[in-house]
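Remarks on the structure that follows.
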Amino acid sequence: MSHNWTEVIVGGVVLACAVAFGVYASQSTGLSQNSAGYELGASFRSLEGVGVGTDVRLAGVKIGTVTNVALNPDTYRADTTFSVADGILVPDDSAIVISSEGLLGGNFVEVMPGGSPFFFEPGDEIEDTQGAVSLISLLVKFVAGDGSE
């Protein structure tokens, strides 16, 4: 009978560790955070490497996440919605760019702030966008040459 109690205790410890790991993982990835903030939109020609949950950064600091990505069938562009944390005001002449963390790193959405004294309101769309640059297409252009010598 003592052997069964040992199994029950070990099982309980394993279950408690699994729950603790799940809570830790959800907090570290931002899944459990309240998305307190406001949403902005943008339309990109290419959204390569960006999906729902991708970081939105300003000056290298995470200020939000991408909340929705959809293809616009009329313009064939990727319409994107992203949240920005409350207290972060984005000037209304800002640009938004798909940037890369490095040669092997992932992509993220970077807000390039403008100098306007006016700010985007919740639900506004940023018009000045620059899509992702494909590393493969750049390498092909480099290897093939552009013939302008």
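Ordering of the structure tokens sets the chain letters (A, B, ...), residue numbers begin anew at 1 in every chain, and ligands are numbered from 1 in the order given.
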Applying 9 Å and only C-alpha atoms, which residues near Asp55 (chain A) remain after dropping the ones on its own chain fewer than 6 positions away? List them as a compact mmCIF listing (two decimals) with C-alpha atoms, in the first residue's frame.
```
# COMPACT_ATOMS: atom_id res chain seq x y z
CA LYS A 62 8.41 45.92 -27.79
CA ILE A 63 5.33 48.15 -27.74
CA GLY A 64 2.74 45.71 -29.05
CA THR A 65 1.95 42.67 -31.15
CA VAL A 66 0.38 41.83 -34.49
CA ASN A 107 11.19 39.35 -38.69
CA PHE A 108 9.33 41.92 -36.64
CA VAL A 109 7.28 45.05 -37.27
CA GLU A 110 9.18 48.26 -36.59
```
Need the shell around Ile88 (chain A): protein/DNA/RNA residues with any atom at most 9 Å away, counting only C-alpha atoms. Skip same-chain ones fewer than 3 positions apart. Format as a PyMOL selection string?
chain A and resi 37+63+84-85
Expressed in Å to a single decimal, how great is the separation between CA of Arg57 (chain A) and CA of Leu71 (chain A)?
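That distance, rounded to one decimal, is 22.7 Å.
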DSSP-assigned helix (DSSP H, G or I) among chain A, expressed as number ranges by chain:
A: 2-28, 135-144
So how far away is CA of Ala144 (chain A) from CA of Gly102 (chain A), in Å?
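Taking CA of Gly102 (chain A) and CA of Ala144 (chain A), their separation equals 23.5 Å.
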DSSP says strand (DSSP E) for which residues of chain A? Put them as a PyMOL selection string?
chain A and resi 37-44+55-58+61-72+77-85+95-100+107-112+125-126+129-130
Rows by chain and residue number, region 43-119 of chain A within 12 Å of region 135-139 of chain A, shortest pair, only C-alpha atoms, as CSV:
```
residue,atom,partner,partner_atom,distance
A:Glu48,CA,A:Leu135,CA,10.6
A:Gly49,CA,A:Leu135,CA,11.4
A:Ser99,CA,A:Leu135,CA,11.7
A:Ser100,CA,A:Leu135,CA,10.1
A:Gly102,CA,A:Leu135,CA,10.8
A:Leu103,CA,A:Leu135,CA,8.5
A:Leu104,CA,A:Leu135,CA,10.2
A:Gly105,CA,A:Leu135,CA,11.7
A:Gly106,CA,A:Leu135,CA,12.0
A:Asn107,CA,A:Leu135,CA,11.7
```
Dump C-alpha atoms for the selected residues as a short mmCIF file (atom, residue, chain, number, x, y, z; two decimals), in the first residue's frame?
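And here's selection-v8.cif as it stands now:
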```
data_model
loop_
_atom_site.label_atom_id
_atom_site.label_comp_id
_atom_site.auth_asym_id
_atom_site.auth_seq_id
_atom_site.Cartn_x
_atom_site.Cartn_y
_atom_site.Cartn_z
CA GLU A 48 7.04 37.54 -45.26
CA GLY A 49 8.00 36.16 -41.84
CA SER A 99 12.61 44.46 -40.21
CA SER A 100 14.83 41.48 -39.59
CA GLY A 102 19.70 39.59 -38.34
CA LEU A 103 20.82 37.21 -41.03
CA LEU A 104 19.28 34.18 -39.34
CA GLY A 105 16.82 35.95 -37.04
CA GLY A 106 13.10 36.34 -37.45
CA ASN A 107 11.19 39.35 -38.69
#
```
Per residue of region 7-97 of chain A within 12 Å of region 114-120 of chain A, note the shortest atom pair and the distance in Å to one decimal, counting only C-alpha atoms, and order the rows by chain and increasing residue number, as CSV.
```
residue,atom,partner,partner_atom,distance
A:Tyr38,CA,A:Phe120,CA,10.0
A:Glu39,CA,A:Phe120,CA,9.8
A:Leu40,CA,A:Phe120,CA,8.0
A:Gly41,CA,A:Phe120,CA,10.3
A:Leu58,CA,A:Gly114,CA,11.5
A:Val84,CA,A:Phe120,CA,10.7
A:Gly87,CA,A:Phe119,CA,11.7
A:Ile88,CA,A:Phe119,CA,9.8
A:Leu89,CA,A:Phe119,CA,6.1
A:Val90,CA,A:Phe119,CA,5.4
A:Pro91,CA,A:Phe119,CA,4.2
A:Asp92,CA,A:Phe119,CA,4.7
A:Asp93,CA,A:Gly114,CA,5.0
A:Ser94,CA,A:Gly114,CA,4.3
A:Ala95,CA,A:Gly114,CA,7.2
A:Ile96,CA,A:Gly114,CA,10.4
```
Considering only C-alpha atoms, state which residue in the set A:Val19, A:Leu47, A:Val56, A:Gly123 is at the smallest distance from Val111 (chain A).
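Ranking A:Val19, A:Leu47, A:Val56, A:Gly123 by distance to Val111 (chain A), first place goes to A:Val56.
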Near Asp79 (chain A), within 8 Å and counting only C-alpha atoms, which residues show up once chain neighbours fewer than 2 positions away are dropped, as a PyMOL selection string?
chain A and resi 41-44+69-72+77+81
Include N, CA and C atoms and write out the residues we just selected as a PDB file, in the first residue's frame.
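Output contents, as saved in part.pdb:
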```
ATOM      1  N   GLY A  41      -3.796  49.916 -37.954  1.00  0.00           N
ATOM      2  CA  GLY A  41      -3.753  49.046 -39.111  1.00  0.00           C
ATOM      3  C   GLY A  41      -2.705  49.506 -40.103  1.00  0.00           C
ATOM      4  N   ALA A  42      -2.304  48.589 -40.976  1.00  0.00           N
ATOM      5  CA  ALA A  42      -1.367  48.899 -42.051  1.00  0.00           C
ATOM      6  C   ALA A  42      -1.551  47.866 -43.145  1.00  0.00           C
ATOM      7  N   SER A  43      -1.178  48.238 -44.370  1.00  0.00           N
ATOM      8  CA  SER A  43      -1.282  47.340 -45.511  1.00  0.00           C
ATOM      9  C   SER A  43       0.100  47.211 -46.137  1.00  0.00           C
ATOM     10  N   PHE A  44       0.572  45.962 -46.293  1.00  0.00           N
ATOM     11  CA  PHE A  44       1.917  45.714 -46.791  1.00  0.00           C
ATOM     12  C   PHE A  44       1.879  44.968 -48.117  1.00  0.00           C
ATOM     13  N   VAL A  69      -3.888  39.265 -39.463  1.00  0.00           N
ATOM     14  CA  VAL A  69      -3.305  39.361 -40.797  1.00  0.00           C
ATOM     15  C   VAL A  69      -4.303  38.763 -41.770  1.00  0.00           C
ATOM     16  N   ALA A  70      -4.601  39.501 -42.849  1.00  0.00           N
ATOM     17  CA  ALA A  70      -5.546  39.005 -43.850  1.00  0.00           C
ATOM     18  C   ALA A  70      -5.161  39.544 -45.221  1.00  0.00           C
ATOM     19  N   LEU A  71      -5.403  38.743 -46.235  1.00  0.00           N
ATOM     20  CA  LEU A  71      -5.155  39.178 -47.607  1.00  0.00           C
ATOM     21  C   LEU A  71      -6.348  39.977 -48.102  1.00  0.00           C
ATOM     22  N   ASN A  72      -6.083  41.164 -48.620  1.00  0.00           N
ATOM     23  CA  ASN A  72      -7.127  41.988 -49.213  1.00  0.00           C
ATOM     24  C   ASN A  72      -7.309  41.531 -50.658  1.00  0.00           C
ATOM     25  N   ARG A  77      -2.840  42.944 -51.193  1.00  0.00           N
ATOM     26  CA  ARG A  77      -1.890  43.346 -50.159  1.00  0.00           C
ATOM     27  C   ARG A  77      -2.284  42.684 -48.846  1.00  0.00           C
ATOM     28  N   THR A  81      -3.427  44.205 -38.652  1.00  0.00           N
ATOM     29  CA  THR A  81      -3.866  44.956 -37.482  1.00  0.00           C
ATOM     30  C   THR A  81      -2.904  44.631 -36.355  1.00  0.00           C
TER      31      THR A  81
END
```
Nearest to Pro122 (chain A), chosen from A:Arg45, A:Glu101, A:Glu7, A:Phe82, with only C-alpha atoms counted in the distances:
A:Phe82
Pick out the closest residue to Thr80 (chain A) from this set: A:Val10, A:Val52, A:Val97, A:Val61. Count only C-alpha atoms.
A:Val52
